[in-house]
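A.B. asks: Before I ask anything, let me first share the structure, which is written out below as structure tokens.
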Amino acid sequence: MTANSLPESLIPTLPGEHYTGQEIFAAEQRLIFESMWFCAVRRSDLDGPGAYRTVTVGRESVLLVRGHDDAVRAFLNVCRHRGARLCAEESGEVRRAFRCPYHAWTYGLDGTLLAAPNLTRMPDVDRTTYGLAGVAVREWLGYVWVCLAREPPSFEEQVIGEVVARLGDAGAVEPYGVAELVVGRRISYDVRANWKLIVENFMECYHCATIHPELTEVLPEFAEGYAAQYFVGHGAEFGADIKGFTVDGSEGVARIPTVTAEQDRRYFAITIKPQVFVNLVPDHVIWHRMYPLAPDRTLVECDWLYLPEVVAAGTDLSRSVELFDRVNRQDFAACERCQPGMSSRLYANGGVLVPSEHHIGAFHAFVLDRLAPASRGVSPGTPGGG
């Protein structure tokens, strides 16, 4: 069935190959993840000078480290000599420098080449030029974002603009004080599904009545099939007898004091393309980051953020964590159920979106627009030159 022959209430999805094809995934790595702002780590993950973490951004391993000047910097995790992986570990700490295990080229926390065997005999080797290849860094809401493009796009337009599009005002997120909250719990999920299936799932609630009994008990309007993201500025209201955003609707933890009266007892969700989901409730924030690793595999890291005094006091967070942990597992199981169907001949031309999902069509248009240069053989530049 072609798009032109669909009933008026249905619009088409992307074709199945967009969820399975290695060539399409490779183009997404180049034209989406390596050219847009990418949320890499929570700033608190780099808790002192020399603390580092490596993350996968598109095809690249990126090394993030806090310097002795307290600044966070990011580099391609590649030695400039022969291309060896500089840090194999996901996280760790060095005192003053990174030393390549292959030929012992050594780099400072600012990326400068400090030493190498026989380097003094090579006076023409500039230690900055042959230092680590840096990538752009920006901090916002307590997270460190990186961009691998040689000329990074506007952070205000590409990232903060998503908050404006969803909530109607960039300042609407400020009362939650996200940068000052601390991680009370972190759970990583290895999802055997394409990253776009996960985004689509997060954006709609047509499935909520079917697979989210706990969530629809807390947010009754979700049982009607319309996600809060369908409406600009709208937050789903807690049920009349619900006391908190918890798995059983019981009282939550201490409310974030700066949350406004209009935001109280409401849930707001924001999709920040291409790989961040933000969930705002009165007493905590739930932050998802996706790391697409293959056409059919996506690592999702989820942080539950609370007031510092709540975590420091050893408060029981289990009921609020359990609610969205269940939601995550229910959602990811659904995505994994869909993934095999993307290879079916029935899905060669894609599926359909019902009216409450029509806003997902804008996400599909975004993907197709970003991939358009691939058909013309154009690819944005990435760092790595001397």
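Scheme for the structure tokens: letters A, B, ... for chains in order shown; per-chain residue numbers from 1; ligand numbers from 1 in order shown.
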Stretch 69-79 of chain A: which residues within 9 Å, counting only C-alpha atoms, same-chain residues fewer than 5 positions away excluded, as a ChimeraX atom specification?

C.D. replies: /A:43,46,48-49,54,60-64,84-88,100,105-106,109-111,131-139,144,146,148,383-384

A.B. asks: Can you pull out every residue from stretch 29-140 of chain A that DSSP, working from the backbone, puts in strand (DSSP E or B), and format the result as a PyMOL selection string?

C.D. replies: chain A and resi 38-42+51-57+60-66+72-76+78+85+91-93+97-99+106-108+113-115+134-140

A.B. asks: Report as a PyMOL selection string all protein, DNA and RNA residues lying within 7 Å of A:Tyr176, evaluated on only C-alpha atoms, omitting residues in the same chain fewer than 4 positions from it.

C.D. replies: chain A and resi 256+258-259

A.B. asks: Excluding A:Asn194 and its own-chain neighbours fewer than 2 positions away, which residues fall within 9 Å of it when counting only C-alpha atoms? Please give them as number ranges by chain.

C.D. replies: A: 18-20, 191-192, 196-198, 292, 294-298, 335-336, 339

A.B. asks: Write out the residues from the selection above, keeping N, CA, C and O atoms, as a CSV table (one decimal), in the first residue's frame.

C.D. replies:
chain,number,residue,atom,x,y,z
A,18,HIS,N,15.2,1.0,7.0
A,18,HIS,CA,15.7,2.1,7.9
A,18,HIS,C,16.0,1.6,9.3
A,18,HIS,O,16.7,2.3,10.1
A,19,TYR,N,15.5,0.4,9.7
A,19,TYR,CA,15.7,-0.1,11.0
A,19,TYR,C,16.7,-1.3,11.0
A,19,TYR,O,17.0,-1.8,12.0
A,20,THR,N,17.1,-1.7,9.8
A,20,THR,CA,17.9,-2.9,9.7
A,20,THR,C,19.2,-2.7,8.9
A,20,THR,O,20.1,-3.5,9.0
A,191,VAL,N,19.6,-2.8,24.7
A,191,VAL,CA,18.3,-3.1,24.0
A,191,VAL,C,18.6,-3.6,22.6
A,191,VAL,O,19.3,-2.9,21.8
A,192,ARG,N,18.0,-4.7,22.2
A,192,ARG,CA,18.3,-5.3,20.9
A,192,ARG,C,17.2,-4.8,19.9
A,192,ARG,O,16.4,-5.5,19.4
A,196,LYS,N,15.8,4.2,16.5
A,196,LYS,CA,14.6,4.9,16.1
A,196,LYS,C,13.3,4.3,16.6
A,196,LYS,O,12.4,5.0,16.9
A,197,LEU,N,13.3,3.0,16.8
A,197,LEU,CA,12.2,2.4,17.4
A,197,LEU,C,12.0,2.8,18.8
A,197,LEU,O,10.9,3.0,19.3
A,198,ILE,N,13.1,3.1,19.5
A,198,ILE,CA,13.1,3.5,20.9
A,198,ILE,C,12.6,5.0,21.0
A,198,ILE,O,11.8,5.3,21.8
A,292,PRO,N,23.6,4.4,20.2
A,292,PRO,CA,23.3,3.4,19.1
A,292,PRO,C,24.6,2.7,18.7
A,292,PRO,O,25.6,3.4,18.4
A,294,ALA,N,24.6,-0.5,16.8
A,294,ALA,CA,24.4,-1.3,15.6
A,294,ALA,C,23.0,-1.1,15.1
A,294,ALA,O,22.2,-0.5,15.9
A,295,PRO,N,22.7,-1.5,13.9
A,295,PRO,CA,21.3,-1.3,13.4
A,295,PRO,C,20.2,-1.9,14.4
A,295,PRO,O,19.1,-1.4,14.5
A,296,ASP,N,20.6,-3.0,15.1
A,296,ASP,CA,19.7,-3.6,15.9
A,296,ASP,C,20.1,-3.7,17.4
A,296,ASP,O,19.7,-4.6,18.2
A,297,ARG,N,21.0,-2.7,17.8
A,297,ARG,CA,21.4,-2.7,19.2
A,297,ARG,C,21.7,-1.3,19.7
A,297,ARG,O,22.4,-0.5,19.0
A,298,THR,N,21.1,-1.0,20.8
A,298,THR,CA,21.2,0.4,21.4
A,298,THR,C,21.4,0.3,22.9
A,298,THR,O,20.6,-0.4,23.6
A,335,CYS,N,10.0,-2.8,21.9
A,335,CYS,CA,10.9,-2.4,20.7
A,335,CYS,C,11.6,-3.7,20.2
A,335,CYS,O,11.7,-3.9,19.0
A,336,GLU,N,12.0,-4.5,21.1
A,336,GLU,CA,12.7,-5.8,20.7
A,336,GLU,C,11.7,-6.7,20.0
A,336,GLU,O,12.1,-7.5,19.1
A,339,GLN,N,11.6,-5.3,16.4
A,339,GLN,CA,12.8,-5.3,15.6
A,339,GLN,C,12.8,-6.4,14.5
A,339,GLN,O,13.1,-6.2,13.3

A.B. asks: Provide the atom CA of A:Glu93 to atom CA of A:Asp190 distance in Å, to one decimal place.

C.D. replies: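 These two atoms are separated by 25.3 Å.
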
A.B. asks: Restricting the calculation to only C-alpha atoms: of A:Arg95, A:Arg337, A:Lys243, A:His284, which residue gets closest to A:Arg255?

C.D. replies: A:His284

A.B. asks: Among the residues of stretch 78-281 of chain A, find those DSSP assigns to helix (DSSP H, G or I) from the backbone and print them as a ChimeraX atom specification.

C.D. replies: /A:119-121,155-167,170-176,178-180,195-203,208-211,213-218,220-224,228-230

A.B. asks: Dump N, CA and C atoms for the selected residues as a compact mmCIF listing (two decimals), in the first residue's frame?

C.D. replies:
# COMPACT_ATOMS: atom_id res chain seq x y z
N LEU A 119 61.56 11.79 21.32
CA LEU A 119 60.89 13.00 20.86
C LEU A 119 61.86 14.19 20.78
N THR A 120 62.86 14.21 21.68
CA THR A 120 63.82 15.33 21.65
C THR A 120 64.65 15.33 20.38
N ARG A 121 64.72 14.20 19.70
CA ARG A 121 65.46 14.12 18.44
C ARG A 121 64.60 14.55 17.26
N PHE A 155 24.16 25.27 19.55
CA PHE A 155 23.63 24.48 20.65
C PHE A 155 22.26 25.01 21.06
N GLU A 156 22.12 26.32 21.04
CA GLU A 156 20.85 26.93 21.44
C GLU A 156 19.72 26.50 20.51
N GLU A 157 20.00 26.43 19.22
CA GLU A 157 18.96 26.04 18.28
C GLU A 157 18.71 24.53 18.29
N GLN A 158 19.79 23.74 18.31
CA GLN A 158 19.63 22.31 18.13
C GLN A 158 19.22 21.58 19.40
N VAL A 159 19.70 22.02 20.54
CA VAL A 159 19.40 21.32 21.79
C VAL A 159 18.35 22.08 22.61
N ILE A 160 18.67 23.30 22.99
CA ILE A 160 17.72 24.07 23.80
C ILE A 160 16.44 24.33 23.00
N GLY A 161 16.57 24.42 21.69
CA GLY A 161 15.39 24.60 20.84
C GLY A 161 14.38 23.49 20.98
N GLU A 162 14.83 22.28 21.32
CA GLU A 162 13.90 21.17 21.52
C GLU A 162 13.01 21.41 22.75
N VAL A 163 13.60 22.03 23.78
CA VAL A 163 12.82 22.35 24.97
C VAL A 163 11.76 23.41 24.63
N VAL A 164 12.15 24.38 23.83
CA VAL A 164 11.20 25.41 23.40
C VAL A 164 10.06 24.79 22.60
N ALA A 165 10.41 23.90 21.66
CA ALA A 165 9.40 23.27 20.83
C ALA A 165 8.43 22.43 21.65
N ARG A 166 8.92 21.81 22.69
CA ARG A 166 8.07 20.93 23.51
C ARG A 166 7.30 21.69 24.58
N LEU A 167 7.98 22.59 25.31
CA LEU A 167 7.36 23.26 26.45
C LEU A 167 6.91 24.68 26.14
N ALA A 170 12.09 27.99 26.82
CA ALA A 170 13.30 27.34 27.31
C ALA A 170 13.42 27.44 28.82
N GLY A 171 12.86 28.49 29.40
CA GLY A 171 12.94 28.67 30.84
C GLY A 171 12.07 27.73 31.64
N ALA A 172 11.20 26.98 30.97
CA ALA A 172 10.28 26.10 31.69
C ALA A 172 10.99 24.96 32.40
N VAL A 173 12.22 24.62 31.96
CA VAL A 173 12.96 23.55 32.60
C VAL A 173 13.76 24.03 33.80
N GLU A 174 13.96 25.33 33.90
CA GLU A 174 14.82 25.87 34.96
C GLU A 174 14.33 25.58 36.38
N PRO A 175 13.03 25.62 36.67
CA PRO A 175 12.59 25.38 38.05
C PRO A 175 12.98 24.01 38.61
N TYR A 176 13.33 23.07 37.74
CA TYR A 176 13.71 21.74 38.22
C TYR A 176 15.16 21.69 38.70
N VAL A 178 18.01 21.08 37.30
CA VAL A 178 18.58 19.79 36.90
C VAL A 178 20.09 19.72 37.14
N ALA A 179 20.79 20.83 36.90
CA ALA A 179 22.24 20.82 37.06
C ALA A 179 22.66 20.56 38.50
N GLU A 180 21.82 20.96 39.45
CA GLU A 180 22.18 20.82 40.86
C GLU A 180 21.71 19.49 41.46
N TRP A 195 17.67 2.26 17.27
CA TRP A 195 17.48 3.45 18.10
C TRP A 195 16.20 4.21 17.76
N LYS A 196 15.81 4.19 16.48
CA LYS A 196 14.61 4.94 16.08
C LYS A 196 13.35 4.31 16.63
N LEU A 197 13.32 3.00 16.78
CA LEU A 197 12.17 2.36 17.40
C LEU A 197 12.00 2.84 18.84
N ILE A 198 13.12 3.07 19.52
CA ILE A 198 13.08 3.53 20.91
C ILE A 198 12.57 4.97 20.97
N VAL A 199 13.04 5.81 20.05
CA VAL A 199 12.56 7.20 20.00
C VAL A 199 11.07 7.22 19.72
N GLU A 200 10.63 6.48 18.72
CA GLU A 200 9.21 6.46 18.36
C GLU A 200 8.35 6.01 19.54
N ASN A 201 8.82 4.99 20.23
CA ASN A 201 8.08 4.47 21.39
C ASN A 201 7.94 5.53 22.47
N PHE A 202 9.03 6.27 22.72
CA PHE A 202 8.99 7.28 23.78
C PHE A 202 8.06 8.43 23.42
N MET A 203 7.91 8.71 22.13
CA MET A 203 7.13 9.86 21.71
C MET A 203 5.62 9.63 21.73
N CYS A 208 0.26 2.79 25.69
CA CYS A 208 0.33 2.87 27.16
C CYS A 208 -0.72 2.01 27.86
N ALA A 209 -1.94 2.05 27.37
CA ALA A 209 -3.00 1.27 28.02
C ALA A 209 -2.72 -0.23 27.92
N THR A 210 -1.97 -0.62 26.88
CA THR A 210 -1.70 -2.05 26.66
C THR A 210 -0.58 -2.57 27.54
N ILE A 211 0.53 -1.82 27.66
CA ILE A 211 1.71 -2.39 28.32
C ILE A 211 2.17 -1.66 29.57
N PRO A 213 0.51 -0.66 32.82
CA PRO A 213 -0.55 -0.53 33.83
C PRO A 213 -0.16 0.38 34.99
N GLU A 214 1.11 0.33 35.41
CA GLU A 214 1.53 1.18 36.54
C GLU A 214 1.54 2.65 36.14
N LEU A 215 2.02 2.95 34.93
CA LEU A 215 2.10 4.33 34.49
C LEU A 215 0.72 4.95 34.30
N THR A 216 -0.19 4.20 33.69
CA THR A 216 -1.52 4.75 33.45
C THR A 216 -2.33 4.87 34.75
N GLU A 217 -1.94 4.14 35.78
CA GLU A 217 -2.57 4.31 37.08
C GLU A 217 -2.17 5.66 37.68
N VAL A 218 -0.89 6.03 37.48
CA VAL A 218 -0.41 7.31 38.00
C VAL A 218 -0.85 8.46 37.11
N PRO A 220 -3.59 8.87 34.49
CA PRO A 220 -4.77 8.26 33.85
C PRO A 220 -4.99 8.72 32.41
N GLU A 221 -4.63 9.96 32.07
CA GLU A 221 -4.91 10.43 30.72
C GLU A 221 -4.11 9.64 29.68
N PHE A 222 -3.00 9.03 30.09
CA PHE A 222 -2.20 8.25 29.15
C PHE A 222 -2.96 7.03 28.63
N ALA A 223 -3.94 6.56 29.39
CA ALA A 223 -4.72 5.41 28.94
C ALA A 223 -5.56 5.76 27.72
N GLU A 224 -5.73 7.06 27.45
CA GLU A 224 -6.52 7.48 26.29
C GLU A 224 -5.71 7.46 25.00
N ALA A 228 1.85 13.13 26.29
CA ALA A 228 1.99 14.55 26.61
C ALA A 228 2.76 15.27 25.51
N GLN A 229 3.68 14.58 24.84
CA GLN A 229 4.50 15.22 23.81
C GLN A 229 3.70 15.59 22.57
N TYR A 230 2.47 15.11 22.49
CA TYR A 230 1.62 15.44 21.36
C TYR A 230 1.20 16.91 21.41

A.B. asks: Can you pull out the residues contacting A:Thr246? Cut-off 6 Å, using only C-alpha atoms, and skip same-chain residues under 6 positions away; I want them as a PyMOL selection string.

C.D. replies: chain A and resi 319-320+323

A.B. asks: Suppose we keep N, CA and C atoms; can you now write the selection as a PDB file, in the first residue's frame?

C.D. replies:
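Output file again_7.pdb is given in full below:
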ATOM      1  N   ARG A 319      10.713   3.105  45.237  1.00  0.00           N
ATOM      2  CA  ARG A 319       9.383   3.172  44.619  1.00  0.00           C
ATOM      3  C   ARG A 319       9.346   4.114  43.416  1.00  0.00           C
ATOM      4  N   SER A 320      10.104   5.225  43.470  1.00  0.00           N
ATOM      5  CA  SER A 320      10.128   6.114  42.304  1.00  0.00           C
ATOM      6  C   SER A 320      11.001   5.526  41.202  1.00  0.00           C
ATOM      7  N   LEU A 323       9.071   2.627  39.274  1.00  0.00           N
ATOM      8  CA  LEU A 323       8.034   2.985  38.302  1.00  0.00           C
ATOM      9  C   LEU A 323       8.621   3.105  36.908  1.00  0.00           C
TER      10      LEU A 323
END
